[in-house]
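Participant: This is my_file00.cif, which holds mmCIF, C-alpha atoms and all ligand atoms:
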data_final
loop_
_atom_site.label_atom_id
_atom_site.label_comp_id
_atom_site.auth_asym_id
_atom_site.auth_seq_id
_atom_site.Cartn_x
_atom_site.Cartn_y
_atom_site.Cartn_z
CA MET A 27 87.97 55.04 112.62
CA LYS A 28 91.19 57.05 112.50
CA ASP A 29 89.11 60.22 112.07
CA LEU A 30 87.23 59.67 115.34
CA GLU A 31 90.42 58.74 117.18
CA GLU A 32 92.17 61.91 116.02
CA TYR A 33 89.13 64.08 116.75
CA ALA A 34 88.90 62.67 120.28
CA LYS A 35 92.60 63.28 120.90
CA LYS A 36 92.44 66.86 119.64
CA ASN A 37 89.36 67.67 121.70
CA LYS A 38 90.43 65.74 124.81
CA ILE A 39 87.47 63.35 124.71
CA PRO A 40 88.37 60.28 126.78
CA ILE A 41 87.50 57.48 124.35
CA MET A 42 88.77 53.98 125.07
CA GLN A 43 92.44 53.31 124.55
CA LYS A 44 93.38 51.11 121.60
CA ASP A 45 94.32 47.99 123.63
CA GLY A 46 91.16 48.30 125.69
CA ILE A 47 88.84 48.48 122.69
CA LEU A 48 90.69 45.60 121.02
CA TYR A 49 90.21 43.47 124.14
CA LEU A 50 86.52 44.38 124.25
CA ILE A 51 86.02 43.52 120.56
CA ASN A 52 87.72 40.20 121.02
CA TYR A 53 85.64 39.44 124.11
CA ILE A 54 82.42 40.18 122.19
CA LYS A 55 83.49 37.88 119.33
CA GLU A 56 84.59 35.00 121.55
CA ASN A 57 81.47 35.07 123.69
CA ASN A 58 79.02 35.59 120.81
CA ILE A 59 77.66 38.71 122.46
CA GLU A 60 74.79 40.38 120.62
CA ASN A 61 72.97 42.77 122.96
CA ILE A 62 75.04 45.48 124.60
CA LEU A 63 74.19 48.32 126.98
CA GLU A 64 76.79 51.08 127.23
CA ILE A 65 76.83 53.82 129.86
CA GLY A 66 78.79 56.80 128.47
CA SER A 67 78.72 57.13 124.66
CA ALA A 68 80.84 60.30 124.27
CA ILE A 69 81.10 60.75 120.47
CA GLY A 70 80.06 57.18 119.72
CA TYR A 71 83.53 55.71 119.16
CA SER A 72 83.24 52.56 121.30
CA SER A 73 79.63 51.85 120.31
CA ILE A 74 80.55 52.17 116.62
CA MET A 75 83.55 49.86 117.13
CA MET A 76 81.36 47.27 118.86
CA ALA A 77 78.45 47.45 116.42
CA SER A 78 80.82 47.13 113.46
CA ILE A 79 81.85 43.60 114.50
CA ASN A 80 78.78 42.08 112.84
CA LYS A 81 75.21 42.88 111.84
CA ASN A 82 73.57 40.95 114.71
CA ILE A 83 75.04 43.21 117.35
CA LYS A 84 72.69 45.75 118.91
CA VAL A 85 73.98 48.53 121.15
CA THR A 86 71.93 50.76 123.44
CA THR A 87 74.12 53.61 124.63
CA ILE A 88 73.42 56.47 127.06
CA GLU A 89 75.06 59.93 127.02
CA LYS A 90 74.02 62.81 129.25
CA ASP A 91 75.97 65.58 127.53
CA THR A 92 73.88 66.94 124.66
CA VAL A 93 76.79 68.25 122.60
CA ARG A 94 78.52 64.86 122.68
CA TYR A 95 75.21 63.08 122.09
CA LEU A 96 74.68 65.11 118.89
CA GLU A 97 78.22 64.33 117.73
CA ALA A 98 77.59 60.65 118.41
CA VAL A 99 74.33 60.72 116.44
CA SER A 100 76.10 62.20 113.45
CA ASN A 101 78.98 59.70 113.67
CA ILE A 102 76.58 56.76 113.95
CA GLN A 103 74.84 58.02 110.82
CA LYS A 104 78.14 58.45 109.03
CA TYR A 105 78.97 54.79 109.68
CA ASN A 106 75.44 53.67 108.69
CA LEU A 107 74.79 52.04 112.04
CA ASN A 108 71.43 53.62 112.87
CA LYS A 109 69.73 50.24 112.78
CA GLN A 110 72.18 48.73 115.25
CA ILE A 111 72.85 51.55 117.71
CA LYS A 112 70.16 53.22 119.79
CA ILE A 113 71.42 56.29 121.63
CA ILE A 114 69.64 57.92 124.56
CA ASN A 115 70.36 61.53 125.59
CA LYS A 116 69.82 61.32 129.35
CA ASP A 117 71.63 61.04 132.63
CA ALA A 118 71.99 57.26 133.04
CA THR A 119 71.14 57.51 136.73
CA GLU A 120 67.61 58.45 135.59
CA VAL A 121 67.12 55.96 132.76
CA GLU A 122 64.83 52.98 133.27
CA ILE A 123 65.49 50.08 130.94
CA ASN A 124 63.62 46.79 130.86
CA ASP A 125 65.60 44.97 128.16
CA LYS A 126 68.17 42.28 128.93
CA PHE A 127 71.74 42.43 127.67
CA ASP A 128 74.64 40.01 127.21
CA LEU A 129 77.10 42.76 128.05
CA ILE A 130 76.88 45.97 130.06
CA PHE A 131 79.81 48.29 129.46
CA ILE A 132 80.27 51.02 132.08
CA ASP A 133 82.40 53.96 130.92
CA ALA A 134 80.89 57.13 132.43
CA SER A 135 81.74 59.14 135.55
CA LYS A 136 84.13 57.16 137.69
CA GLY A 137 82.39 58.07 140.95
CA LYS A 138 79.19 56.38 139.82
CA ASN A 139 80.55 52.94 138.86
CA THR A 140 79.10 51.19 141.92
CA PHE A 141 75.75 52.92 141.43
CA PHE A 142 75.57 51.93 137.74
CA PHE A 143 76.70 48.38 138.50
CA ASN A 144 73.89 47.91 141.03
CA LYS A 145 71.31 49.78 138.97
CA PHE A 146 71.80 47.80 135.77
CA LYS A 147 72.85 44.33 136.99
CA ASP A 148 69.25 43.10 136.74
CA ASN A 149 69.33 43.96 133.02
CA LEU A 150 71.93 41.26 132.51
CA ASN A 151 71.16 37.92 130.86
CA LYS A 152 71.93 34.81 132.89
CA ASN A 153 75.48 34.39 131.58
CA GLY A 154 76.04 38.08 130.97
CA THR A 155 79.10 40.18 131.76
CA ILE A 156 79.60 43.66 133.17
CA ILE A 157 82.79 45.32 131.92
CA THR A 158 83.97 48.57 133.50
CA ASP A 159 86.70 50.80 132.03
CA ASN A 160 89.45 52.91 133.67
CA LEU A 161 90.27 50.86 136.76
CA SER A 162 93.83 52.14 136.55
CA PHE A 163 93.14 55.83 135.79
CA HIS A 164 96.35 56.22 133.79
CA GLY A 165 98.39 54.40 136.41
CA LEU A 166 97.42 56.70 139.29
CA VAL A 167 95.56 53.93 141.11
CA GLU A 168 98.68 51.73 141.20
CA ASP A 169 101.18 54.52 141.85
CA GLU A 170 99.66 57.23 143.98
CA SER A 171 102.86 59.28 143.91
CA LEU A 172 101.73 60.30 140.40
CA ILE A 173 98.67 62.08 141.80
CA LYS A 174 99.06 65.84 141.24
CA THR A 175 95.67 67.40 141.96
CA LYS A 176 92.81 67.17 144.45
CA ASN A 177 90.52 66.20 141.62
CA GLN A 178 92.76 63.25 140.69
CA ARG A 179 92.92 62.20 144.35
CA GLY A 180 89.12 62.19 144.48
CA ILE A 181 88.83 60.03 141.38
CA VAL A 182 91.51 57.59 142.57
CA ASN A 183 89.69 57.19 145.89
CA LYS A 184 86.42 56.50 144.07
CA ILE A 185 88.06 53.88 141.86
CA LYS A 186 89.60 52.23 144.94
CA ASP A 187 86.16 52.14 146.59
CA PHE A 188 84.70 50.55 143.45
CA LYS A 189 87.49 47.94 143.39
CA SER A 190 86.79 46.97 146.97
CA PHE A 191 83.08 46.78 146.15
CA LEU A 192 83.94 44.35 143.34
CA ASP A 193 86.45 42.36 145.39
CA ASN A 194 83.92 41.85 148.17
CA ASN A 195 80.93 41.17 145.94
CA GLU A 196 79.20 37.90 146.74
CA GLU A 197 77.07 37.86 143.62
CA PHE A 198 79.74 38.66 141.01
CA LYS A 199 83.30 37.51 140.51
CA THR A 200 85.68 40.04 138.93
CA ILE A 201 89.01 39.78 137.16
CA TYR A 202 91.11 42.74 136.05
CA ILE A 203 92.63 42.92 132.58
CA PRO A 204 95.52 45.36 132.17
CA SER A 205 94.54 46.29 128.61
CA GLY A 206 94.20 49.99 127.84
CA ASP A 207 93.38 51.74 131.13
CA THR A 208 92.54 48.38 132.80
CA LEU A 209 89.17 46.71 132.48
CA ALA A 210 87.17 44.95 135.21
CA ILE A 211 85.36 41.86 133.90
CA SER A 212 82.54 40.81 136.24
CA LYS A 213 80.40 37.70 135.92
CA ARG A 214 77.78 36.14 138.20
CA ARG A 215 79.25 33.44 140.41
CA ASP A 216 78.05 29.87 139.94
CA GLU A 217 75.55 28.77 142.56
CA ASN A 218 78.00 26.24 143.99
CA GLU A 219 80.93 28.67 144.21
N1 LIG B 1 82.68 54.96 125.81
C1 LIG B 1 83.21 56.11 125.10
C2 LIG B 1 83.87 57.11 126.04
C3 LIG B 1 82.99 57.62 127.11
S1 LIG B 1 83.71 58.99 127.97
C4 LIG B 1 84.25 55.61 124.10
O1 LIG B 1 85.14 54.85 124.50
O2 LIG B 1 84.17 55.98 122.94
C5 LIG B 1 82.57 59.15 129.27
C6 LIG B 1 81.24 59.80 128.86
O3 LIG B 1 80.30 59.52 129.89
C7 LIG B 1 81.30 61.32 128.74
O4 LIG B 1 80.93 61.70 127.43
C8 LIG B 1 80.30 61.82 129.78
O5 LIG B 1 79.54 62.93 129.34
C9 LIG B 1 79.40 60.61 129.96
N2 LIG B 1 78.73 60.53 131.27
C10 LIG B 1 79.25 60.81 132.48
N3 LIG B 1 78.35 60.62 133.44
C11 LIG B 1 77.19 60.20 132.82
C12 LIG B 1 75.89 59.86 133.27
N4 LIG B 1 75.56 59.93 134.57
N5 LIG B 1 74.97 59.47 132.37
C13 LIG B 1 75.28 59.43 131.04
N6 LIG B 1 76.50 59.75 130.56
C14 LIG B 1 77.44 60.13 131.43
MG MG B 2 86.94 55.02 129.56
#
Starting from the file, give its structure as structure tokens.
Ligand code: SAH
Ligand code: MG

Facilitator:
Amino acid sequence: MKDLEEYAKKNKIPIMQKDGILYLINYIKENNIENILEIGSAIGYSSIMMASINKNIKVTTIEKDTVRYLEAVSNIQKYNLNKQIKIINKDATEVEINDKFDLIFIDASKGKNTFFFNKFKDNLNKNGTIITDNLSFHGLVEDESLIKTKNQRGIVNKIKDFKSFLDNNEEFKTIYIPSGDTLAISKRRDENE
């Protein structure tokens, strides 16, 4: 996978950070996760990493950018994972999916996290998990003095809104894991909670 990591770095494609992907892989193994929905494929790095864990894992991943989608298709072929990874070239806000998943991984535009969370939560199996990436936005969420541009300010505000949506959510309970760019791990609350 070094080739994809280097390619992403050179071309400024925001693939998951090493610690984040390692946490995700470990979470999938420990919870025997098999069916995964990913929002935001980019060049296929995280879906390839997840599908490579074992042959029973199936990933459906959505990418709206056609250039990245085509790169992902070619990478998935290169790693012989066509049978395990299904990639959809569409804007995820417009995709209707009926399947159920053990894990939904949200890693697309940061301003749409709440929208994607609400849109796809009914595609989750009973004990399923929603994991969202980039809750820290390279530390800018925790230390706002690092914010340099209007664009960054906008993204930080959107992430803060999403965090308060999660923190006040009656249906799901969320913990934050400071691996990579910080992951939010959300699970349905027990009925008696
Ligand atoms: N998960 C990937 C990185 C994804 S980067 C990895 O770790 O390897 C985020 C990607 O989400 C970008 O390629 C961007 O084009 C895509 N994206 C952003 N908004 C989207 C949307 N509404 N629907 C589908 N894809 C989207
Ligand atoms: Mg990310």

Participant: As JSON, numbers by chain, please: the residues near segment 83-88 of chain A (cut-off 6 Å, only C-alpha atoms, same-chain neighbours under 5 positions excluded).

Facilitator: {"A": [60, 61, 62, 63, 64, 65, 66, 67, 77, 110, 111, 112, 113, 114]}

Participant: State, in Å with one decimal place, the distance from atom CA of Asp216 of chain A to atom CA of Glu122 of chain A.

Facilitator: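 Computing the Euclidean distance for atom CA of Asp216 of chain A and atom CA of Glu122 of chain A yields 27.4 Å.
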
Participant: Between atom CA of Lys213 of chain A and atom CA of Thr155 of chain A, what is the spacing in Å?

Facilitator: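 It comes out at 5.0 Å.
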
Participant: Near Thr208 of chain A, within 9 Å and counting only C-alpha atoms, which residues show up once chain neighbours fewer than 4 positions away are dropped, as a list in words?

Facilitator: Gly46, Thr158, Asp159, Asn160, Leu161, Ser162, Phe163, His164, Tyr202, Ile203 and Pro204 of chain A

Participant: Could you list the protein, DNA and RNA residues that have any atom within 8 Å of ligand MG 2 (chain B), counting only C-alpha atoms and all ligand atoms, and write them as a list in words?

Facilitator: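 Listing the residues within 8 Å of ligand MG 2 (chain B) gives Pro40, Ile41, Met42, Gln43, Asp133, Ala134, Asp159, Asn160 and Asp207 of chain A.
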
Participant: Just checking: using only C-alpha atoms, which residue out of A:Tyr49, A:Tyr33, A:Tyr95, A:Phe142 ends up closest to Lys116 of chain A?

Facilitator: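 Once distances to Lys116 of chain A are computed over only C-alpha atoms, the minimum belongs to A:Tyr95.
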
Participant: In terms of the shortest atom-to-atom distance over all atoms listed in the file, which of A:Phe143, A:Asn151, A:Asn106, A:Thr175 is closest to Asn124 of chain A?

Facilitator: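 Of A:Phe143, A:Asn151, A:Asn106, A:Thr175, the one nearest Asn124 of chain A is A:Asn151, counting all atoms listed in the file.
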
Participant: Separation of atom CA of Thr200 of chain A and atom CA of Met75 of chain A, in Å?

Facilitator: 24.0 Å

Participant: Tell me which of A:Gly206, A:Gln103, A:Gly165, A:Lys136 sits closest to Asn177 of chain A, counting only C-alpha atoms.

Facilitator: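 Nearest to Asn177 of chain A: A:Lys136.
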